[in-house]
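Note: the block below is start.cif and it holds mmCIF, C-alpha atoms.
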data_input
loop_
_atom_site.group_PDB
_atom_site.id
_atom_site.type_symbol
_atom_site.label_atom_id
_atom_site.label_comp_id
_atom_site.auth_asym_id
_atom_site.auth_seq_id
_atom_site.Cartn_x
_atom_site.Cartn_y
_atom_site.Cartn_z
ATOM 1 C CA MET A 13 55.644 -42.980 91.984
ATOM 2 C CA THR A 14 53.213 -41.532 89.432
ATOM 3 C CA LYS A 15 54.903 -40.198 86.354
ATOM 4 C CA LYS A 16 54.058 -36.645 85.348
ATOM 5 C CA VAL A 17 52.411 -35.999 81.999
ATOM 6 C CA TYR A 18 52.879 -32.717 80.140
ATOM 7 C CA PHE A 19 50.560 -31.543 77.415
ATOM 8 C CA LYS A 20 50.936 -30.242 73.873
ATOM 9 C CA TYR A 21 48.023 -28.259 72.402
ATOM 10 C CA VAL A 22 47.852 -28.678 68.613
ATOM 11 C CA THR A 23 45.469 -28.635 65.666
ATOM 12 C CA ALA A 24 43.922 -31.930 64.578
ATOM 13 C CA GLU A 25 46.090 -31.926 61.463
ATOM 14 C CA ARG A 26 49.245 -31.423 63.496
ATOM 15 C CA ALA A 27 48.234 -34.124 65.975
ATOM 16 C CA LEU A 28 47.806 -36.644 63.157
ATOM 17 C CA GLN A 29 51.209 -35.672 61.771
ATOM 18 C CA ILE A 30 52.926 -36.028 65.163
ATOM 19 C CA ILE A 31 51.328 -39.403 65.911
ATOM 20 C CA SER A 32 51.869 -40.839 62.425
ATOM 21 C CA SER A 33 55.468 -39.678 61.972
ATOM 22 C CA LYS A 34 56.542 -40.092 65.621
ATOM 23 C CA GLN A 35 58.245 -36.730 65.288
ATOM 24 C CA ILE A 36 57.651 -33.437 67.080
ATOM 25 C CA ARG A 37 58.941 -29.992 66.216
ATOM 26 C CA PHE A 38 61.418 -27.976 68.264
ATOM 27 C CA SER A 39 61.058 -24.320 67.289
ATOM 28 C CA GLN A 40 63.766 -21.683 67.123
ATOM 29 C CA PRO A 41 63.194 -18.724 69.461
ATOM 30 C CA ASN A 42 62.642 -16.301 66.556
ATOM 31 C CA VAL A 43 59.480 -18.141 65.389
ATOM 32 C CA LEU A 44 57.760 -18.234 68.797
ATOM 33 C CA ASN A 45 54.662 -16.094 69.284
ATOM 34 C CA ASP A 46 55.970 -13.804 72.027
ATOM 35 C CA ALA A 47 57.544 -10.636 70.593
ATOM 36 C CA PHE A 48 59.620 -10.282 73.783
ATOM 37 C CA GLU A 49 61.062 -13.785 73.523
ATOM 38 C CA LEU A 50 64.777 -13.719 74.456
ATOM 39 C CA LEU A 51 64.895 -9.913 74.580
ATOM 40 C CA PRO A 52 66.544 -8.982 77.885
ATOM 41 C CA THR A 53 67.050 -5.622 79.501
ATOM 42 C CA LEU A 54 70.755 -4.837 79.503
ATOM 43 C CA ASP A 55 72.316 -4.121 82.865
ATOM 44 C CA MET A 56 74.585 -1.344 81.633
ATOM 45 C CA GLU A 57 76.178 -0.797 85.020
ATOM 46 C CA LYS A 58 77.264 -4.439 85.121
ATOM 47 C CA ILE A 59 78.391 -4.332 81.475
ATOM 48 C CA LYS A 60 80.392 -1.167 82.153
ATOM 49 C CA GLU A 61 82.016 -2.804 85.182
ATOM 50 C CA ASP A 62 82.914 -5.909 83.143
ATOM 51 C CA TYR A 63 84.303 -3.777 80.341
ATOM 52 C CA LEU A 64 86.593 -1.796 82.648
ATOM 53 C CA LYS A 65 87.855 -4.986 84.312
ATOM 54 C CA LYS A 66 88.501 -6.742 81.021
ATOM 55 C CA THR A 67 90.208 -3.883 79.204
ATOM 56 C CA ASN A 68 91.928 -2.131 82.126
ATOM 57 C CA ASN A 69 90.805 1.110 80.492
ATOM 58 C CA THR A 70 89.824 4.205 82.361
ATOM 59 C CA ASP A 71 87.652 5.503 79.523
ATOM 60 C CA LEU A 72 84.516 4.085 77.928
ATOM 61 C CA LYS A 73 85.307 4.631 74.239
ATOM 62 C CA GLY A 74 85.001 0.934 73.426
ATOM 63 C CA LEU A 75 81.950 0.265 75.597
ATOM 64 C CA GLU A 76 79.471 0.337 72.700
ATOM 65 C CA ASN A 77 81.375 -2.257 70.681
ATOM 66 C CA PHE A 78 81.884 -4.352 73.815
ATOM 67 C CA THR A 79 78.129 -4.297 74.468
ATOM 68 C CA LEU A 80 77.355 -5.303 70.874
ATOM 69 C CA GLU A 81 79.841 -8.137 71.121
ATOM 70 C CA ILE A 82 78.339 -9.713 74.240
ATOM 71 C CA THR A 83 74.746 -9.300 73.003
ATOM 72 C CA ASN A 84 75.607 -10.817 69.618
ATOM 73 C CA THR A 85 77.258 -13.749 71.392
ATOM 74 C CA LEU A 86 74.130 -14.190 73.509
ATOM 75 C CA PHE A 87 71.736 -14.164 70.551
ATOM 76 C CA GLU A 88 73.952 -16.425 68.444
ATOM 77 C CA SER A 89 74.043 -19.014 71.218
ATOM 78 C CA TYR A 90 70.242 -18.991 71.535
ATOM 79 C CA SER A 91 69.723 -19.117 67.767
ATOM 80 C CA THR A 92 71.283 -22.589 67.757
ATOM 81 C CA LYS A 93 68.676 -23.950 70.198
ATOM 82 C CA GLY A 94 65.275 -25.518 69.620
ATOM 83 C CA ILE A 95 62.378 -25.232 72.070
ATOM 84 C CA LEU A 96 59.490 -27.610 72.677
ATOM 85 C CA SER A 97 56.742 -25.919 74.692
ATOM 86 C CA LEU A 98 54.442 -28.037 76.841
ATOM 87 C CA SER A 99 51.929 -27.285 79.572
ATOM 88 C CA SER A 100 51.276 -28.881 82.945
ATOM 89 C CA SER A 101 47.500 -28.611 82.361
ATOM 90 C CA PHE A 102 45.083 -29.807 79.682
ATOM 91 C CA GLU A 103 42.153 -27.614 80.765
ATOM 92 C CA ILE A 104 43.289 -24.133 79.704
ATOM 93 C CA GLN A 105 40.528 -22.672 77.568
ATOM 94 C CA LEU A 106 42.614 -19.908 76.017
ATOM 95 C CA MET A 107 45.073 -22.526 74.789
ATOM 96 C CA TRP A 108 42.258 -24.673 73.411
ATOM 97 C CA ALA A 109 41.194 -21.588 71.468
ATOM 98 C CA HIS A 110 44.623 -20.298 70.376
ATOM 99 C CA TYR A 111 46.587 -23.474 69.670
ATOM 100 C CA CYS A 112 43.810 -25.988 68.955
ATOM 101 C CA GLN A 113 42.063 -23.939 66.282
ATOM 102 C CA ASN A 114 39.078 -22.848 68.350
ATOM 103 C CA TYR A 115 38.537 -26.102 70.274
ATOM 104 C CA THR A 116 38.673 -28.262 67.099
ATOM 105 C CA GLY A 117 42.142 -29.641 67.826
ATOM 106 C CA VAL A 118 43.750 -32.108 70.182
ATOM 107 C CA VAL A 119 45.827 -32.133 73.348
ATOM 108 C CA ILE A 120 48.533 -34.802 73.459
ATOM 109 C CA GLY A 121 49.895 -35.893 76.835
ATOM 110 C CA PHE A 122 53.611 -36.765 76.872
ATOM 111 C CA ASP A 123 55.758 -38.510 79.433
ATOM 112 C CA VAL A 124 59.014 -36.586 79.010
ATOM 113 C CA GLU A 125 61.071 -39.305 80.692
ATOM 114 C CA GLU A 126 59.567 -42.147 78.656
ATOM 115 C CA GLY A 127 60.930 -41.794 75.149
ATOM 116 C CA LEU A 128 60.202 -38.166 74.285
ATOM 117 C CA ILE A 129 63.927 -37.460 74.441
ATOM 118 C CA PRO A 130 66.244 -40.147 72.992
ATOM 119 C CA SER A 131 67.921 -42.013 75.819
ATOM 120 C CA SER A 132 71.289 -41.629 74.108
ATOM 121 C CA TYR A 133 71.009 -37.868 74.289
ATOM 122 C CA GLU A 134 72.763 -36.749 77.432
ATOM 123 C CA ARG A 135 72.290 -32.986 77.411
ATOM 124 C CA TYR A 136 68.993 -31.130 77.369
ATOM 125 C CA ILE A 137 67.221 -28.658 79.624
ATOM 126 C CA PHE A 138 63.711 -29.335 80.890
ATOM 127 C CA ASP A 139 62.302 -26.754 83.231
ATOM 128 C CA LYS A 140 59.307 -24.660 84.165
ATOM 129 C CA VAL A 141 58.969 -21.178 82.681
ATOM 130 C CA LYS A 142 59.196 -18.419 85.279
ATOM 131 C CA TYR A 143 56.880 -15.429 84.875
ATOM 132 C CA SER A 144 57.664 -11.881 85.885
ATOM 133 C CA ASN A 145 56.431 -8.318 85.459
ATOM 134 C CA LYS A 146 59.987 -7.301 84.590
ATOM 135 C CA ARG A 147 62.142 -8.328 81.679
ATOM 136 C CA PHE A 148 65.175 -10.504 82.211
ATOM 137 C CA LEU A 149 68.214 -8.505 83.340
ATOM 138 C CA TYR A 150 71.403 -9.385 81.462
ATOM 139 C CA PRO A 151 74.138 -10.147 82.406
ATOM 140 C CA ASN A 152 72.650 -12.216 85.209
ATOM 141 C CA GLU A 153 74.850 -14.201 87.561
ATOM 142 C CA ASN A 154 71.998 -16.028 89.268
ATOM 143 C CA PRO A 155 72.499 -19.728 88.407
ATOM 144 C CA ASP A 156 68.747 -20.321 88.735
ATOM 145 C CA SER A 157 67.936 -17.703 86.095
ATOM 146 C CA ASN A 158 67.762 -18.468 82.391
ATOM 147 C CA LEU A 159 66.549 -16.121 79.674
ATOM 148 C CA MET A 160 65.041 -19.053 77.760
ATOM 149 C CA PHE A 161 62.703 -19.742 80.689
ATOM 150 C CA HIS A 162 61.687 -16.151 81.457
ATOM 151 C CA LYS A 163 58.405 -14.652 80.222
ATOM 152 C CA ASP A 164 55.943 -11.885 80.967
ATOM 153 C CA LYS A 165 53.299 -12.624 83.594
ATOM 154 C CA CYS A 166 50.589 -12.197 80.941
ATOM 155 C CA TRP A 167 51.563 -15.703 79.705
ATOM 156 C CA GLU A 168 51.301 -17.291 83.146
ATOM 157 C CA TYR A 169 47.990 -18.968 82.335
ATOM 158 C CA GLU A 170 49.841 -21.336 79.978
ATOM 159 C CA ASN A 171 51.663 -23.134 82.833
ATOM 160 C CA GLU A 172 54.493 -23.674 80.385
ATOM 161 C CA TRP A 173 57.345 -26.127 80.663
ATOM 162 C CA ARG A 174 60.095 -26.173 78.052
ATOM 163 C CA ILE A 175 62.533 -28.664 76.659
ATOM 164 C CA VAL A 176 65.570 -26.995 75.082
ATOM 165 C CA ARG A 177 67.943 -28.869 72.793
ATOM 166 C CA PRO A 178 70.700 -27.881 70.346
ATOM 167 C CA LEU A 179 69.440 -27.775 66.760
ATOM 168 C CA LYS A 180 72.434 -29.863 65.685
ATOM 169 C CA ARG A 181 70.982 -32.780 67.675
ATOM 170 C CA LEU A 182 67.666 -32.552 65.809
ATOM 171 C CA LEU A 183 66.525 -33.722 62.388
ATOM 172 C CA GLN A 184 66.072 -30.940 59.828
ATOM 173 C CA VAL A 185 63.120 -32.023 57.682
ATOM 174 C CA LYS A 186 62.990 -28.833 55.618
ATOM 175 C CA ASP A 187 64.531 -25.382 55.638
ATOM 176 C CA GLY A 188 64.182 -23.962 59.132
ATOM 177 C CA ILE A 189 62.068 -26.878 60.428
ATOM 178 C CA TYR A 190 63.663 -29.144 63.042
ATOM 179 C CA VAL A 191 62.057 -32.181 64.642
ATOM 180 C CA SER A 192 62.919 -34.822 67.193
ATOM 181 C CA GLU A 193 61.907 -38.436 66.839
ATOM 182 C CA PHE A 194 60.254 -40.054 69.854
ATOM 183 C CA ARG A 195 59.224 -43.526 70.931
ATOM 184 C CA PRO A 196 55.461 -44.292 70.892
ATOM 185 C CA SER A 197 55.679 -44.966 74.638
ATOM 186 C CA ALA A 198 56.165 -41.210 75.135
ATOM 187 C CA ILE A 199 52.510 -40.506 74.314
ATOM 188 C CA ARG A 200 50.332 -41.311 77.324
ATOM 189 C CA CYS A 201 46.979 -39.833 76.323
ATOM 190 C CA VAL A 202 45.099 -37.965 73.622
ATOM 191 C CA ILE A 203 42.232 -35.576 74.371
ATOM 192 C CA TYR A 204 39.921 -34.685 71.502
ATOM 193 C CA GLY A 205 38.640 -31.110 71.432
ATOM 194 C CA PRO A 206 34.922 -30.540 72.098
ATOM 195 C CA LEU A 207 34.398 -29.147 68.584
ATOM 196 C CA ILE A 208 36.677 -31.491 66.658
ATOM 197 C CA ASN A 209 35.519 -32.655 63.246
ATOM 198 C CA PRO A 210 34.481 -36.343 63.525
ATOM 199 C CA ASN A 211 36.504 -37.151 60.394
ATOM 200 C CA ASP A 212 39.636 -35.731 62.024
ATOM 201 C CA ARG A 213 38.960 -37.656 65.206
ATOM 202 C CA ASN A 214 38.453 -40.850 63.221
ATOM 203 C CA SER A 215 41.767 -40.359 61.392
ATOM 204 C CA ILE A 216 43.632 -39.889 64.670
ATOM 205 C CA CYS A 217 41.924 -42.969 66.143
ATOM 206 C CA LYS A 218 43.151 -44.990 63.172
ATOM 207 C CA ALA A 219 46.707 -43.675 63.622
ATOM 208 C CA LEU A 220 46.574 -44.696 67.288
ATOM 209 C CA ASN A 221 45.547 -48.201 66.250
ATOM 210 C CA HIS A 222 49.250 -48.866 65.678
ATOM 211 C CA PRO A 223 50.512 -51.584 68.092
ATOM 212 C CA GLY A 224 53.018 -49.179 69.585
ATOM 213 C CA TYR A 225 50.182 -46.946 70.762
ATOM 214 C CA SER A 226 48.046 -49.623 72.400
ATOM 215 C CA HIS A 227 48.736 -48.085 75.835
ATOM 216 C CA VAL A 228 47.483 -44.612 74.898
ATOM 217 C CA GLY A 229 44.380 -43.407 76.731
ATOM 218 C CA GLN A 230 41.865 -41.584 74.560
ATOM 219 C CA TYR A 231 39.508 -38.979 75.973
ATOM 220 C CA VAL A 232 36.613 -36.999 74.563
ATOM 221 C CA SER A 233 35.792 -33.520 75.797
ATOM 222 C CA ASP A 234 32.637 -31.463 75.899
ATOM 223 C CA LEU A 235 31.596 -27.973 76.892
ATOM 224 C CA ASP A 236 30.189 -28.054 80.405
ATOM 225 C CA ASP A 237 26.437 -27.415 80.583
ATOM 226 C CA SER A 238 26.658 -25.046 83.557
ATOM 227 C CA ASN A 239 30.165 -23.633 83.909
ATOM 228 C CA PHE A 240 32.856 -22.169 81.684
ATOM 229 C CA GLU A 241 34.713 -25.466 81.777
ATOM 230 C CA ILE A 242 35.636 -28.364 79.539
ATOM 231 C CA ASP A 243 34.484 -31.788 80.712
ATOM 232 C CA ILE A 244 36.792 -34.699 79.960
ATOM 233 C CA ASP A 245 35.442 -38.258 79.696
ATOM 234 C CA TYR A 246 37.535 -41.404 79.459
ATOM 235 C CA LEU A 247 36.922 -43.039 76.087
ATOM 236 C CA SER A 248 39.225 -46.014 75.720
ATOM 237 C CA SER A 249 42.523 -47.335 76.999
ATOM 238 C CA THR A 250 44.539 -50.464 77.587
ATOM 239 C CA PHE A 251 46.668 -48.969 80.349
ATOM 240 C CA SER A 252 48.421 -51.753 82.190
ATOM 241 C CA ASP A 253 49.582 -49.858 85.254
ATOM 242 C CA GLU A 254 48.010 -47.442 87.673
ATOM 243 C CA SER A 255 50.763 -44.863 87.179
ATOM 244 C CA SER A 256 49.573 -44.296 83.626
ATOM 245 C CA MET A 257 46.148 -43.211 84.818
ATOM 246 C CA VAL A 258 47.114 -39.652 85.542
ATOM 247 C CA TYR A 259 43.529 -38.448 85.395
ATOM 248 C CA ASN A 260 40.760 -40.699 86.647
ATOM 249 C CA LYS A 261 37.617 -39.809 84.680
ATOM 250 C CA GLU A 262 34.312 -41.635 84.254
ATOM 251 C CA GLU A 263 34.840 -44.507 81.831
ATOM 252 C CA LEU A 264 32.579 -44.654 78.801
ATOM 253 C CA THR A 265 32.287 -47.447 76.274
ATOM 254 C CA LEU A 266 32.107 -46.471 72.634
ATOM 255 C CA ARG A 267 28.441 -47.439 72.556
ATOM 256 C CA ASN A 268 27.679 -45.298 75.615
ATOM 257 C CA PHE A 269 29.609 -42.441 74.042
ATOM 258 C CA ARG A 270 27.449 -42.690 70.934
ATOM 259 C CA GLU A 271 24.244 -42.792 72.971
ATOM 260 C CA THR A 272 25.341 -39.833 75.076
ATOM 261 C CA MET A 273 26.215 -37.726 72.052
ATOM 262 C CA LEU A 274 23.011 -38.609 70.225
ATOM 263 C CA SER A 275 21.013 -37.791 73.343
ATOM 264 C CA LYS A 276 22.661 -34.384 73.461
ATOM 265 C CA GLY A 277 21.920 -33.939 69.784
ATOM 266 C CA LYS A 278 18.220 -34.509 70.417
ATOM 267 C CA LEU A 279 18.337 -32.032 73.287
ATOM 268 C CA PHE A 280 19.960 -29.443 71.033
ATOM 269 C CA GLN A 281 17.302 -30.123 68.424
ATOM 270 C CA ALA A 282 14.526 -29.600 70.964
ATOM 271 C CA MET A 283 16.132 -26.301 71.989
ATOM 272 C CA GLY A 284 16.290 -25.167 68.386
ATOM 273 C CA ILE A 285 20.106 -25.269 68.320
ATOM 274 C CA ILE A 286 20.056 -28.061 65.739
ATOM 275 C CA SER A 287 17.348 -27.512 63.157
ATOM 276 C CA PRO A 288 15.809 -28.827 61.014
ATOM 277 C CA ASP A 289 15.876 -32.649 61.197
ATOM 278 C CA GLN A 290 18.374 -32.786 58.364
ATOM 279 C CA LYS A 291 20.999 -31.129 60.549
ATOM 280 C CA PHE A 292 20.390 -33.619 63.346
ATOM 281 C CA ASN A 293 20.734 -36.472 60.873
ATOM 282 C CA ARG A 294 24.115 -35.117 59.816
ATOM 283 C CA PHE A 295 25.068 -34.905 63.499
ATOM 284 C CA LYS A 296 23.941 -38.535 63.981
ATOM 285 C CA ASP A 297 25.862 -39.644 60.893
ATOM 286 C CA SER A 298 29.047 -37.977 62.166
ATOM 287 C CA ILE A 299 28.779 -39.904 65.442
ATOM 288 C CA ASP A 300 28.114 -43.149 63.579
ATOM 289 C CA LEU A 301 31.170 -42.501 61.414
ATOM 290 C CA TYR A 302 33.308 -42.403 64.542
ATOM 291 C CA THR A 303 31.805 -45.347 66.433
ATOM 292 C CA ASN A 304 30.563 -47.925 63.987
ATOM 293 C CA GLU A 305 33.854 -48.752 62.361
ATOM 294 C CA ILE A 306 35.573 -49.320 65.735
ATOM 295 C CA ILE A 307 32.655 -51.156 67.330
ATOM 296 C CA ASP A 308 31.903 -53.334 64.330
#
Would you give me this structure, written as structure tokens?
Amino acid sequence: MTKKVYFKYVTAERALQIISSKQIRFSQPNVLNDAFELLPTLDMEKIKEDYLKKTNNTDLKGLENFTLEITNTLFESYSTKGILSLSSSFEIQLMWAHYCQNYTGVVIGFDVEEGLIPSSYERYIFDKVKYSNKRFLYPNENPDSNLMFHKDKCWEYENEWRIVRPLKRLLQVKDGIYVSEFRPSAIRCVIYGPLINPNDRNSICKALNHPGYSHVGQYVSDLDDSNFEIDIDYLSSTFSDESSMVYNKEELTLRNFRETMLSKGKLFQAMGIISPDQKFNRFKDSIDLYTNEIID
């Protein structure tokens, strides 16, 4: 059975930090980028019904305080959780732009079941985000509903999956920053953005040269010549089993990669996109920086 890989879109700097430290951040809900995160619509009829049952009152004088109490309890419980957001796709252009610093970053593919969560940790939630045109109604007695996995349909393009863990199970590296350590086997592939700086790519390649990462597949990406798409080409890998090859792309050697990129550079030069020759030479040097050290 092929294992599923989920993807984290990050800047090149963040990718290097994650790979080098073998740690990844779990964010508190209040620092996420959706202003509606964990803000439900209160079902006042249900709250009123619960209040009358609990207090045996016939009046509603204490309803306001009762409502504040249950909402405070809700928010306090969520404030103690950390969220790791992943995506089921690596080809989402808006995410390449928003989270990968305008296509200059990296997408890291993780196998959630293979070392991303410590095996000794018995309780965590991993589930797909559900998208809706309506805000989450609270209280909600549907066992399949969870406010932490409920978002506006405008975010549906992200194909988001979340891992939720208690902050107390995470490592606090600085004030308000919580991370989880992972085993190198959790990273299955790395996809370099089409506009990544060659120096950044080279640094990440060096970090992946660690023996623990020998299984990691590395891919280069490029802007498609005809369509609004990102082309992914297989760069290098020592995958030992077919299940690791989640995406079968055309294999390129490092030398072929260099020749392909230089050929494109000459095409750009002929079209006037790279001009004058000095700019093309800098383009050539950046490719050499990436390939020569590994090839030689």
- Query: How far is it from atom CA of Trp173 of chain A to atom CA of Leu220 of chain A, in Å with one decimal?
  - Reply: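 Interatomic distance here is 25.3 Å.
Take the candidates A:Glu126, A:Glu57, A:Lys142, A:Val119 and check each one against Met107 of chain A using all atoms listed in the file; the shortest distance goes to A:Val119.
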- Using all atoms listed in the file, determine which residues lie at most 6 Å from Ile175 of chain A, disregarding the query and same-chain residues fewer than 3 positions distant; provide the list as number ranges by chain. A: 95-96, 137-138
- Task: Would you list the contacts of Arg37 of chain A as a list of chain:residue names, taking every protein, DNA or RNA residue within 8 Å and counting all atoms listed in the file, but skipping same-chain residues closer than 4 positions in sequence?
- Result: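 After dropping sequence-adjacent residues, the list is A:Leu96, A:Ile189, A:Tyr190, A:Val191, A:Ser192.
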- Query: Could you spell out the hits of the PyMOL selection byres ((chain A and resi 226) around 10) on the shown file, as a PyMOL selection string?
  - Reply: chain A and resi 196-197+200+220-225+227-229+249-251
Selection to disk with C-alpha atoms, as a PDB file, in the frame of the given file:
ATOM      1  CA  PRO A 196      55.461 -44.292  70.892  1.00  0.00           C
ATOM      2  CA  SER A 197      55.679 -44.966  74.638  1.00  0.00           C
ATOM      3  CA  ARG A 200      50.332 -41.311  77.324  1.00  0.00           C
ATOM      4  CA  LEU A 220      46.574 -44.696  67.288  1.00  0.00           C
ATOM      5  CA  ASN A 221      45.547 -48.201  66.250  1.00  0.00           C
ATOM      6  CA  HIS A 222      49.250 -48.866  65.678  1.00  0.00           C
ATOM      7  CA  PRO A 223      50.512 -51.584  68.092  1.00  0.00           C
ATOM      8  CA  GLY A 224      53.018 -49.179  69.585  1.00  0.00           C
ATOM      9  CA  TYR A 225      50.182 -46.946  70.762  1.00  0.00           C
ATOM     10  CA  HIS A 227      48.736 -48.085  75.835  1.00  0.00           C
ATOM     11  CA  VAL A 228      47.483 -44.612  74.898  1.00  0.00           C
ATOM     12  CA  GLY A 229      44.380 -43.407  76.731  1.00  0.00           C
ATOM     13  CA  SER A 249      42.523 -47.335  76.999  1.00  0.00           C
ATOM     14  CA  THR A 250      44.539 -50.464  77.587  1.00  0.00           C
ATOM     15  CA  PHE A 251      46.668 -48.969  80.349  1.00  0.00           C
TER      16      PHE A 251
END
- Using all atoms listed in the file, which residue out of A:Trp167, A:Phe148, A:Phe102, A:Tyr136 lies closest to Cys201 of chain A?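 Counting all atoms listed in the file, the residue closest to Cys201 of chain A is A:Phe102.
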- atom CA of Phe122 of chain A to atom CA of Ile36 of chain A measures 11.1 Å
- Task: Rank A:Asp234, A:Asp71, A:Leu50, A:Ala198 by their smallest atom-to-atom distance to Asn158 of chain A, using all atoms listed in the file, and report the top residue only.
- Result: A:Leu50
- Task: Write out as a PyMOL selection string each polymer residue whose atoms come within 10 Å of segment 83-91 of chain A, counting all atoms listed in the file; drop sequence neighbours fewer than 6 positions from it.
- Result: chain A and resi 40-42+50-52+54+77+150-151+159-160+176+178-179
- Kindly resolve the PyMOL selection byres ((chain A and resi 106) around 12) on the present coordinates and return the residues as JSON, numbers by chain. {"A": [21, 101, 102, 103, 104, 105, 107, 108, 109, 110, 111, 112, 113, 114, 115, 167, 168, 169, 170, 171, 240, 241, 242]}
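Candidate residues A:Ser144, A:Asn45, A:Asn68, A:Thr116 were compared for distance to Asp212 of chain A, and the nearest is A:Thr116, using all atoms listed in the file.
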